[in-house]
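Trainee: First the structure, then my questions, so here it is.
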Amino acid sequence: MLGKVRSAINDFCLLNGVKTVAVALSGGADSVALLNSLLSLKDEYGIEVFAAHYNHRLRGAESDADESFVKALCDKLGVKLFTGDGDVAAFAKQNKLGIELAARQMRYAFFEGLAADAVATAHTASDNLETVIFNLTRGSALDGLCGIPPKRDRYIRPLILCTREEIEKYCSDNGLTYVTDSSNLTDDYARNRIRHKVIPVLKEINPAAESNAVNTALSLMIDRDKLNDIARQKYLGMLTPKGLDVKTLTDEGPAVSSRVLRLFCKEKTGISPDFKHTDDLFAVAVGGGRCSLEGGAVAYRQKGILKIDTGEDTAFNVKIVKEDLSFIKKSKKINNLLLNNLIDCDKIAGEIIVRTRREGDKIRLAGRGCTKTLKQLYNEKAIPQNERANLPVVSDDEGVIWVAGFGAAQRVAASENSKAVYKIVYETVYGGNNKS
């Protein structure tokens, strides 16, 4: 194992210019092996090694026992230890985050405060394969399939070439004791189910699955970085004081154009768009109209320039509010117009996106008994051409589910049997009145 650690350090330049390394020490086998291996190599690389432990306060006495173990281990090894702790559960609730994400954010905030040239985390080849599979199941572009990078900023992963089996053998051969996080033994988390049920099957097919996944990820990183460089140059050439000049957006193909749009969105909103929002951005950039983005921003094209408005856009103001069954029953007694703007939460396919009309959009409106294109609907209502580009449309993964001024699609329409609904509140551009 030590040979693979040395290879990772050399091949990925993990310790270039580094004098002090903080080891993220949870007390588990991976982090204990990481600390021990770096202590063995510290003279060879001329580095000072210390440890850092963060108590997430998620497992009560077990979390405290892990901290005590880490303190005793560092005392035994003569290693300086820095500790931190926080109420992850409360932070997750307050910020509406999952426990895993909240724990990561708090842990890395602690790491940011460490006075070290590098922070070494105990991510392994096994972790890398789990991450790639997890990203693949959620739907991932090239970034997700690249897995865990050996180095990101000052965070380094010296164990990235080592499998979990090799690490446990290293601990056994060197008489290293460690603690086991009980939460890793259950299948409560998606990553654990992948670890316990999927990885063993892959290793039956090929025992080298973990190492092969690392090699594949490293190869994909090279391709990704080259595409990102091309996209960055393209983006800078398209950027104007008014927005993004999209006349040449498609010249170098979708791999570059999608990255250009993500760069533009990230710079304007601080949020990198997912697949769905990137597709919507592309549709607006090429065909015009508007689309909503995360964080309440709105993208639109004006005279060949793609723009993103991060403030309120009164010509495209849509709010989607979740309501329960009592609201449905009460609403039915009020008026049918309100019911037209209710959508059954359980009937939605995938994600909801607010945008404007695209070529070929169609909808089977509730109670109409026929499917029509949005162009036909707008013609029937004599909506002026210059106003159609600002009319909001709501869609999910299977198509249009609601159109401003017309109502919901039959397949998602709310009824007295609905358990919960979304109420769509919007402001029209051709009437000027608030609707709901």
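Chain labels follow the order of the structure tokens: the first chain is A, the next B, and so on; residue numbering restarts at 1 in every chain, and ligands are counted from 1 in their shown order.
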Tell me, as a list in words, which residues lie within 12 Å of Lys268 of chain A, counting only C-alpha atoms; anything in the same chain fewer than 4 positions away does not count.
Mentor: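 Here the answer would be Leu239, Gly243, Leu244, Leu261, Arg262, Leu263, Phe264, Ser272, Pro273, Leu293, Glu294, Gly295, Gly296, Ala297, Val298, Ala299, Leu306, Lys307, Ile308, Asp309, Thr310 and Gly311 of chain A.
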Trainee: So that I have them on file, write out the residues from the current selection with C-alpha atoms, as a PDB file, in the first residue's frame.
Mentor:
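Wrote again-v6.pdb, looks like this:
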```pdb
ATOM      1  CA  LEU A 239     -18.864  37.625 -23.642  1.00  0.00           C
ATOM      2  CA  GLY A 243     -24.438  39.508 -22.078  1.00  0.00           C
ATOM      3  CA  LEU A 244     -23.435  36.486 -24.139  1.00  0.00           C
ATOM      4  CA  LEU A 261     -23.714  28.175 -21.091  1.00  0.00           C
ATOM      5  CA  ARG A 262     -22.846  26.645 -17.719  1.00  0.00           C
ATOM      6  CA  LEU A 263     -19.923  29.068 -17.353  1.00  0.00           C
ATOM      7  CA  PHE A 264     -22.179  32.010 -18.174  1.00  0.00           C
ATOM      8  CA  SER A 272     -23.910  25.828 -12.091  1.00  0.00           C
ATOM      9  CA  PRO A 273     -27.053  24.597 -13.901  1.00  0.00           C
ATOM     10  CA  LEU A 293     -33.101  29.189 -13.417  1.00  0.00           C
ATOM     11  CA  GLU A 294     -32.283  28.139  -9.888  1.00  0.00           C
ATOM     12  CA  GLY A 295     -32.261  30.951  -7.357  1.00  0.00           C
ATOM     13  CA  GLY A 296     -35.076  32.846  -9.080  1.00  0.00           C
ATOM     14  CA  ALA A 297     -33.027  34.081 -12.052  1.00  0.00           C
ATOM     15  CA  VAL A 298     -34.527  34.383 -15.535  1.00  0.00           C
ATOM     16  CA  ALA A 299     -32.666  33.876 -18.830  1.00  0.00           C
ATOM     17  CA  LEU A 306     -28.333  35.906 -24.057  1.00  0.00           C
ATOM     18  CA  LYS A 307     -29.010  37.675 -20.772  1.00  0.00           C
ATOM     19  CA  ILE A 308     -29.659  36.506 -17.242  1.00  0.00           C
ATOM     20  CA  ASP A 309     -31.741  38.652 -14.908  1.00  0.00           C
ATOM     21  CA  THR A 310     -31.147  37.772 -11.270  1.00  0.00           C
ATOM     22  CA  GLY A 311     -33.764  40.213  -9.979  1.00  0.00           C
TER      23      GLY A 311
END
```
Trainee: With only C-alpha atoms as the basis for distance, which of A:Val179, A:Val400, A:Ala118, A:Cys162 is at the shortest distance from Glu48 of chain A?
Mentor: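 Smallest separation from Glu48 of chain A among the options: A:Ala118.
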Trainee: Against segment 23-27 of chain A, which residues of segment 162-204 of chain A fall within 10 Å? For each one I want the closest pair of atoms and the distance in Å (one decimal), counting only C-alpha atoms, rows by chain and increasing residue number, as CSV.
Mentor:
```
residue,atom,partner,partner_atom,distance
A:Thr177,CA,A:Gly27,CA,8.9
A:Tyr178,CA,A:Gly27,CA,5.6
A:Val179,CA,A:Gly27,CA,5.6
A:Thr180,CA,A:Gly27,CA,7.8
A:Asp181,CA,A:Gly27,CA,8.8
```
Trainee: For those residues, write N, CA and C atoms to a file as a tab-separated table (two decimals), in the first residue's frame.
Mentor:
```
chain	number	residue	atom	x	y	z
A	177	THR	N	-4.87	-0.06	15.13
A	177	THR	CA	-6.27	-0.19	15.55
A	177	THR	C	-7.07	1.01	15.04
A	178	TYR	N	-8.37	0.81	14.89
A	178	TYR	CA	-9.24	1.88	14.38
A	178	TYR	C	-10.66	1.65	14.86
A	179	VAL	N	-11.50	2.63	14.68
A	179	VAL	CA	-12.90	2.52	15.08
A	179	VAL	C	-13.74	2.33	13.82
A	180	THR	N	-14.94	1.82	14.01
A	180	THR	CA	-15.87	1.60	12.89
A	180	THR	C	-17.13	2.41	13.14
A	181	ASP	N	-17.45	3.26	12.21
A	181	ASP	CA	-18.66	4.08	12.27
A	181	ASP	C	-19.87	3.18	12.03
```
Trainee: Find the spatial neighbours of Met1 of chain A, counting only C-alpha atoms, within a cut-off of 8 Å - ignore same-chain residues fewer than 2 positions away - and output them as a PyMOL selection string.
Mentor: chain A and resi 3-5+162+166-167+170
Trainee: Given the choices A:Ile230, A:Ala349, A:Val256, A:Val354, which gets closest to Asp280 of chain A if the distance is worked out from only C-alpha atoms?
Mentor: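 Of A:Ile230, A:Ala349, A:Val256, A:Val354, the one nearest Asp280 of chain A is A:Val354, counting only C-alpha atoms.
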Trainee: Quick check for you: according to DSSP on this backbone, which residues of segment 66-124 of chain A are classed as alpha helix (DSSP H)? Reply as a VMD selection string.
Mentor: chain A and resid 66 to 77 88 to 95 99 to 112
Trainee: Export, as a PDB file, in the first residue's frame, the selected residues with C-alpha atoms.
Mentor:
```pdb
ATOM      1  CA  ASP A  66     -14.404   8.300  18.283  1.00  0.00           C
ATOM      2  CA  GLU A  67     -13.002  11.660  19.372  1.00  0.00           C
ATOM      3  CA  SER A  68     -11.487  10.089  22.479  1.00  0.00           C
ATOM      4  CA  PHE A  69      -9.908   7.356  20.351  1.00  0.00           C
ATOM      5  CA  VAL A  70      -8.381   9.933  17.997  1.00  0.00           C
ATOM      6  CA  LYS A  71      -6.975  11.935  20.912  1.00  0.00           C
ATOM      7  CA  ALA A  72      -5.408   8.820  22.440  1.00  0.00           C
ATOM      8  CA  LEU A  73      -3.936   7.763  19.090  1.00  0.00           C
ATOM      9  CA  CYS A  74      -2.360  11.165  18.477  1.00  0.00           C
ATOM     10  CA  ASP A  75      -0.957  11.244  22.019  1.00  0.00           C
ATOM     11  CA  LYS A  76       0.597   7.830  21.422  1.00  0.00           C
ATOM     12  CA  LEU A  77       2.128   8.900  18.106  1.00  0.00           C
ATOM     13  CA  VAL A  88     -24.997  18.934  12.143  1.00  0.00           C
ATOM     14  CA  ALA A  89     -28.636  17.911  12.608  1.00  0.00           C
ATOM     15  CA  ALA A  90     -29.632  21.449  13.627  1.00  0.00           C
ATOM     16  CA  PHE A  91     -27.596  22.986  10.802  1.00  0.00           C
ATOM     17  CA  ALA A  92     -29.223  20.646   8.271  1.00  0.00           C
ATOM     18  CA  LYS A  93     -32.720  21.536   9.483  1.00  0.00           C
ATOM     19  CA  GLN A  94     -32.028  25.262   9.554  1.00  0.00           C
ATOM     20  CA  ASN A  95     -30.580  25.287   6.027  1.00  0.00           C
ATOM     21  CA  ILE A  99     -27.538  15.254   6.738  1.00  0.00           C
ATOM     22  CA  GLU A 100     -24.627  14.110   4.559  1.00  0.00           C
ATOM     23  CA  LEU A 101     -24.344  17.438   2.754  1.00  0.00           C
ATOM     24  CA  ALA A 102     -24.689  19.423   5.986  1.00  0.00           C
ATOM     25  CA  ALA A 103     -21.972  17.324   7.629  1.00  0.00           C
ATOM     26  CA  ARG A 104     -19.661  17.866   4.675  1.00  0.00           C
ATOM     27  CA  GLN A 105     -20.192  21.624   4.664  1.00  0.00           C
ATOM     28  CA  MET A 106     -19.487  21.943   8.390  1.00  0.00           C
ATOM     29  CA  ARG A 107     -16.496  19.607   8.248  1.00  0.00           C
ATOM     30  CA  TYR A 108     -14.885  21.466   5.369  1.00  0.00           C
ATOM     31  CA  ALA A 109     -15.572  24.817   7.022  1.00  0.00           C
ATOM     32  CA  PHE A 110     -13.499  23.486   9.934  1.00  0.00           C
ATOM     33  CA  PHE A 111     -10.744  22.337   7.566  1.00  0.00           C
ATOM     34  CA  GLU A 112     -10.639  25.785   5.960  1.00  0.00           C
TER      35      GLU A 112
END
```
Trainee: Quick one: residues within 9 Å of segment 157-161 of chain A, only C-alpha atoms counted, chain neighbours fewer than 4 positions away excluded, as a VMD selection string?
Mentor: chain A and resid 1 4 to 9 14 30 33 to 34 38 119 to 128 148 to 152 167 210 to 211 214
Trainee: Limited to N, CA and C atoms, could you put the picked residues into a file as a PDB file, in the first residue's frame?
Mentor:
```pdb
ATOM      1  N   MET A   1       0.812  -1.210   0.000  1.00  0.00           N
ATOM      2  CA  MET A   1       0.000   0.000   0.000  1.00  0.00           C
ATOM      3  C   MET A   1       0.845   1.260   0.000  1.00  0.00           C
ATOM      4  N   LYS A   4       1.787   2.483  -3.342  1.00  0.00           N
ATOM      5  CA  LYS A   4       0.728   3.190  -4.065  1.00  0.00           C
ATOM      6  C   LYS A   4       0.562   4.617  -3.545  1.00  0.00           C
ATOM      7  N   VAL A   5       0.768   4.794  -2.247  1.00  0.00           N
ATOM      8  CA  VAL A   5       0.702   6.149  -1.680  1.00  0.00           C
ATOM      9  C   VAL A   5       1.826   6.992  -2.271  1.00  0.00           C
ATOM     10  N   ARG A   6       3.011   6.404  -2.345  1.00  0.00           N
ATOM     11  CA  ARG A   6       4.148   7.125  -2.920  1.00  0.00           C
ATOM     12  C   ARG A   6       3.884   7.450  -4.398  1.00  0.00           C
ATOM     13  N   SER A   7       3.285   6.509  -5.120  1.00  0.00           N
ATOM     14  CA  SER A   7       2.966   6.744  -6.538  1.00  0.00           C
ATOM     15  C   SER A   7       1.969   7.884  -6.698  1.00  0.00           C
ATOM     16  N   ALA A   8       0.957   7.909  -5.836  1.00  0.00           N
ATOM     17  CA  ALA A   8      -0.046   8.977  -5.910  1.00  0.00           C
ATOM     18  C   ALA A   8       0.586  10.334  -5.640  1.00  0.00           C
ATOM     19  N   ILE A   9       1.454  10.381  -4.618  1.00  0.00           N
ATOM     20  CA  ILE A   9       2.115  11.640  -4.277  1.00  0.00           C
ATOM     21  C   ILE A   9       2.960  12.145  -5.445  1.00  0.00           C
ATOM     22  N   LEU A  14       1.173  15.783  -5.343  1.00  0.00           N
ATOM     23  CA  LEU A  14       0.360  16.138  -4.182  1.00  0.00           C
ATOM     24  C   LEU A  14       1.113  16.972  -3.148  1.00  0.00           C
ATOM     25  N   ASP A  30      -9.398   3.892   7.085  1.00  0.00           N
ATOM     26  CA  ASP A  30      -8.797   4.674   6.006  1.00  0.00           C
ATOM     27  C   ASP A  30      -7.957   5.828   6.534  1.00  0.00           C
ATOM     28  N   ALA A  33      -4.816   4.680   8.476  1.00  0.00           N
ATOM     29  CA  ALA A  33      -3.786   4.248   7.535  1.00  0.00           C
ATOM     30  C   ALA A  33      -3.144   5.448   6.839  1.00  0.00           C
ATOM     31  N   LEU A  34      -3.951   6.449   6.530  1.00  0.00           N
ATOM     32  CA  LEU A  34      -3.422   7.665   5.896  1.00  0.00           C
ATOM     33  C   LEU A  34      -2.432   8.363   6.820  1.00  0.00           C
ATOM     34  N   LEU A  38       1.656   8.703   5.989  1.00  0.00           N
ATOM     35  CA  LEU A  38       2.306  10.007   5.821  1.00  0.00           C
ATOM     36  C   LEU A  38       3.386  10.222   6.877  1.00  0.00           C
ATOM     37  N   VAL A 119      -4.452  19.723   3.078  1.00  0.00           N
ATOM     38  CA  VAL A 119      -5.309  18.905   3.944  1.00  0.00           C
ATOM     39  C   VAL A 119      -5.479  17.566   3.238  1.00  0.00           C
ATOM     40  N   ALA A 120      -5.022  16.489   3.895  1.00  0.00           N
ATOM     41  CA  ALA A 120      -5.097  15.156   3.297  1.00  0.00           C
ATOM     42  C   ALA A 120      -6.357  14.450   3.780  1.00  0.00           C
ATOM     43  N   THR A 121      -7.204  14.043   2.843  1.00  0.00           N
ATOM     44  CA  THR A 121      -8.406  13.278   3.182  1.00  0.00           C
ATOM     45  C   THR A 121      -8.218  11.836   2.732  1.00  0.00           C
ATOM     46  N   ALA A 122      -8.912  10.917   3.385  1.00  0.00           N
ATOM     47  CA  ALA A 122      -8.658   9.482   3.194  1.00  0.00           C
ATOM     48  C   ALA A 122      -9.552   8.850   2.129  1.00  0.00           C
ATOM     49  N   HIS A 123      -9.798   9.555   1.031  1.00  0.00           N
ATOM     50  CA  HIS A 123     -10.579   8.978  -0.052  1.00  0.00           C
ATOM     51  C   HIS A 123      -9.755   7.923  -0.788  1.00  0.00           C
ATOM     52  N   THR A 124     -10.403   6.811  -1.106  1.00  0.00           N
ATOM     53  CA  THR A 124      -9.712   5.660  -1.678  1.00  0.00           C
ATOM     54  C   THR A 124     -10.235   5.327  -3.073  1.00  0.00           C
ATOM     55  N   ALA A 125      -9.606   4.329  -3.696  1.00  0.00           N
ATOM     56  CA  ALA A 125     -10.088   3.834  -4.989  1.00  0.00           C
ATOM     57  C   ALA A 125     -11.500   3.271  -4.839  1.00  0.00           C
ATOM     58  N   SER A 126     -11.788   2.668  -3.698  1.00  0.00           N
ATOM     59  CA  SER A 126     -13.129   2.130  -3.435  1.00  0.00           C
ATOM     60  C   SER A 126     -14.145   3.256  -3.350  1.00  0.00           C
ATOM     61  N   ASP A 127     -13.786   4.333  -2.651  1.00  0.00           N
ATOM     62  CA  ASP A 127     -14.670   5.508  -2.566  1.00  0.00           C
ATOM     63  C   ASP A 127     -14.918   6.085  -3.958  1.00  0.00           C
ATOM     64  N   ASN A 128     -13.875   6.073  -4.773  1.00  0.00           N
ATOM     65  CA  ASN A 128     -13.989   6.646  -6.109  1.00  0.00           C
ATOM     66  C   ASN A 128     -15.013   5.875  -6.944  1.00  0.00           C
ATOM     67  N   ILE A 148     -13.578  11.202  -7.900  1.00  0.00           N
ATOM     68  CA  ILE A 148     -12.885  12.023  -6.909  1.00  0.00           C
ATOM     69  C   ILE A 148     -11.503  12.403  -7.439  1.00  0.00           C
ATOM     70  N   PRO A 149     -11.194  13.670  -7.574  1.00  0.00           N
ATOM     71  CA  PRO A 149      -9.871  14.056  -8.087  1.00  0.00           C
ATOM     72  C   PRO A 149      -8.787  13.806  -7.047  1.00  0.00           C
ATOM     73  N   PRO A 150      -7.589  13.411  -7.473  1.00  0.00           N
ATOM     74  CA  PRO A 150      -6.487  13.222  -6.520  1.00  0.00           C
ATOM     75  C   PRO A 150      -6.144  14.498  -5.762  1.00  0.00           C
ATOM     76  N   LYS A 151      -6.425  15.642  -6.407  1.00  0.00           N
ATOM     77  CA  LYS A 151      -6.095  16.919  -5.772  1.00  0.00           C
ATOM     78  C   LYS A 151      -7.087  17.970  -6.226  1.00  0.00           C
ATOM     79  N   ARG A 152      -7.578  18.754  -5.273  1.00  0.00           N
ATOM     80  CA  ARG A 152      -8.424  19.901  -5.584  1.00  0.00           C
ATOM     81  C   ARG A 152      -8.030  21.029  -4.647  1.00  0.00           C
ATOM     82  N   ILE A 167      -6.055  -1.319   2.324  1.00  0.00           N
ATOM     83  CA  ILE A 167      -5.909  -0.477   3.513  1.00  0.00           C
ATOM     84  C   ILE A 167      -6.119  -1.293   4.784  1.00  0.00           C
ATOM     85  N   GLU A 210     -12.167  -1.656  -8.875  1.00  0.00           N
ATOM     86  CA  GLU A 210     -11.867  -0.387  -8.219  1.00  0.00           C
ATOM     87  C   GLU A 210     -10.673   0.312  -8.869  1.00  0.00           C
ATOM     88  N   SER A 211      -9.621  -0.432  -9.118  1.00  0.00           N
ATOM     89  CA  SER A 211      -8.433   0.155  -9.751  1.00  0.00           C
ATOM     90  C   SER A 211      -8.737   0.599 -11.176  1.00  0.00           C
ATOM     91  N   VAL A 214     -10.536   3.933 -11.209  1.00  0.00           N
ATOM     92  CA  VAL A 214      -9.620   5.061 -11.017  1.00  0.00           C
ATOM     93  C   VAL A 214      -8.944   5.416 -12.331  1.00  0.00           C
TER      94      VAL A 214
END
```
Trainee: Rank A:Ala413, A:Ala115, A:Ala190, A:Ile47 by their smallest atom-to-atom distance to Lys347 of chain A, using only C-alpha atoms, and report the top residue only.
Mentor: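 Smallest distance to Lys347 of chain A is found for A:Ala413.
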Trainee: Please indicate the distance in Å from atom CA of Asn10 of chain A to atom CA of Arg232 of chain A, rounded to one decimal place.
Mentor: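 Atom CA of Asn10 of chain A sits 28.7 Å away from atom CA of Arg232 of chain A.
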